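Notes to accompany the following structure.
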Amino acid sequence: MLIQVDHLNKSFVNRKRKAGIMGSIAGLFSAQKEYIHAVKDISFNIGRGELVGYLGPNGAGKSTTIKMLTGILRASSGLIRIDGLNPEKNRKEIARKLGVVFGQKTQLWWDLPVEESYDLLRTIYKIPQRQFRDRLDYFVDLLKMEDFLGQQTRKLSLGQRMRADLAASLLHDPPILFLDEPTIGLDIITKDTVRKTIKQLNQEKQITVVLTTHDMEDIEYLASRLILLDRGQVQYDGQLKDFIANYQKEKVVSLHLEQETDAGFLLERGFHLLTEPRGQYLEVRLKVDESVSNLIATLSEHGAKIQEISVGKQDLTETLKKIYAGKNLEL
């Protein structure tokens with residue numbers, strides 16, 4: 001396994017003190033300690049070439065886990081191995097095996113042109129000149145970066161900086177890529193470019209990708225496996241397609257009626273409307289195994305004529321919201 005995590009735990013100590021000057025002075029000698037358990041007995045393995053969505057609500061322990069995997073934080077207990085190496089003892093060796101992209105931070109030098117930042121990274125990672133040029137040319141073409149290689153990082157748009165950061169994280173040819181909110185704040189076109197690049201790299205070069213994001217479109221487009229974290233513990237670890245099959249318990253029926261209709265009668269019959277009851281376009285939530293025929297019959301009974309109807313699955317975001325809220329879903 002390329003990434004091995006076994007019974008991993010991380011706790012932080014929060015020192016409490018009373019308010020005011022006297023409380024501050026007393027806290028120097030006898031502060032009350034509170035232990036915060038950010039990660040609790042996590043275990044998982046990730047193989048070469050996997051593309052894994054690592055999800056959870058804010059405060060679930062995602063960032064803490066990634067920081068331990070990269071050697072930034074020391075685990076309280078448990079085992080971590082990155083390609084057989086211990087992050088606490090082999091930080092330099094592991095750094096060469098990892099690429100990391102944080103959506104709201106940059107690893108480029110703020111006042112330098114992008115290409116000069118890349119040259120510094122070449123020196124840091126001791127990349128042979130020819131390999132460096134080949135890789136840089138590859139990413140410039142793949143990410144369409146020709147127009148801004150000579151610009152200072154601080155003058156780049158968010159989309160340009162994200163593409164530049166993605167290339168920077170991969171110049172030393174790491175087998176593992178950690179992505180934290182890689183499409184946050186990006187426009188539709190740039191999001192599509194970044195997603196396609198990640199998928200292409202995963203498929204062509206067998207780069208192992210661990211993706212943390214709140215954008216479920218990233219997960220649905222990229223990930224094949226899902227690890228769901230909540231309150232510091234793994235709640236689900238399996239294939240994304242199995243998660244969708246097992247936990248998306250509802251479907252959405254979209255209706256285009258021939259004319260505007262007051263569909264309050266649907267509420268009276270117990271149907272769950274996702275739109276305002278009065279209108280020409282309605283969305284109704286049904287159980288996955290519930291027939292649409294009852295809905296159609298009720299509309300017909302009240303004189304509402306259907307011009308167009310479509311049935312789709314509940315959005316993945318809504319499913320995860322319910323899981324985070326603990327609503328009727330057993331993991």
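In the structure tokens, chains take the letters A, B, ... in the order shown, each chain's residues start at 1, and ligands count up from 1 in the order shown.
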- request: Mind the document's chain letters and residue numbers, and return as JSON, numbers by chain the residues of segment 237-278 of chain A that DSSP labels alpha helix (DSSP H).
  value: {"A": [240, 241, 242, 243, 244, 245, 246, 247, 264, 265, 266, 267, 268]}
message = I'd like the neighbourhood of Phe44 of chain A as a ChimeraX atom specification, where a residue qualifies if any of its atoms comes within 9 Å (using only C-alpha atoms), though same-chain residues fewer than 5 positions away should be ignored.
response = /A:3-7,227,234,237
**Request:** Select from segment 55-256 of chain A everything DSSP, run on the backbone, classes as strand (DSSP E or B), then give the selection as a PyMOL selection string.
**Result:** chain A and resi 55+77-82+85+98-102+113+152+176-180+208-212+225-230+233-239+250-256
key: Distance in Å - atom CA of Gly270 of chain A versus atom CA of Gly303 of chain A   =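 Computed distance, atom CA of Gly270 of chain A to atom CA of Gly303 of chain A, equals 18.3 Å.
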Check your understanding: So which residues touch Asp180 of chain A within 6 Å, counting only C-alpha atoms, skipping near sequence neighbours fewer than 2 positions away, as a PyMOL selection string?
Key -> chain A and resi 102-103+182+212
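The smallest atom-to-atom distance between Glu50 of chain A and any of A:Phe178, A:Trp110, A:Phe148, A:Tyr138, using only C-alpha atoms, is found for A:Phe178.
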Would you write out, as a Markdown table, a table of all residues in segment 183-213 of chain A that have an atom no more than 9 Å from an atom of segment 221-225 of chain A, listing for each the closest atom pair and the distance in Å to one decimal, considering only C-alpha atoms and ordering rows by chain and rising residue number?
| residue | atom | partner | partner_atom | distance |
| --- | --- | --- | --- | --- |
| A:Arg195 | CA | A:Leu222 | CA | 7.1 |
| A:Lys196 | CA | A:Leu222 | CA | 8.5 |
| A:Ile198 | CA | A:Leu222 | CA | 7.8 |
| A:Lys199 | CA | A:Leu222 | CA | 6.3 |
| A:Val209 | CA | A:Ala223 | CA | 8.8 |
| A:Val210 | CA | A:Ala223 | CA | 8.9 |
| A:Leu211 | CA | A:Ala223 | CA | 8.0 |
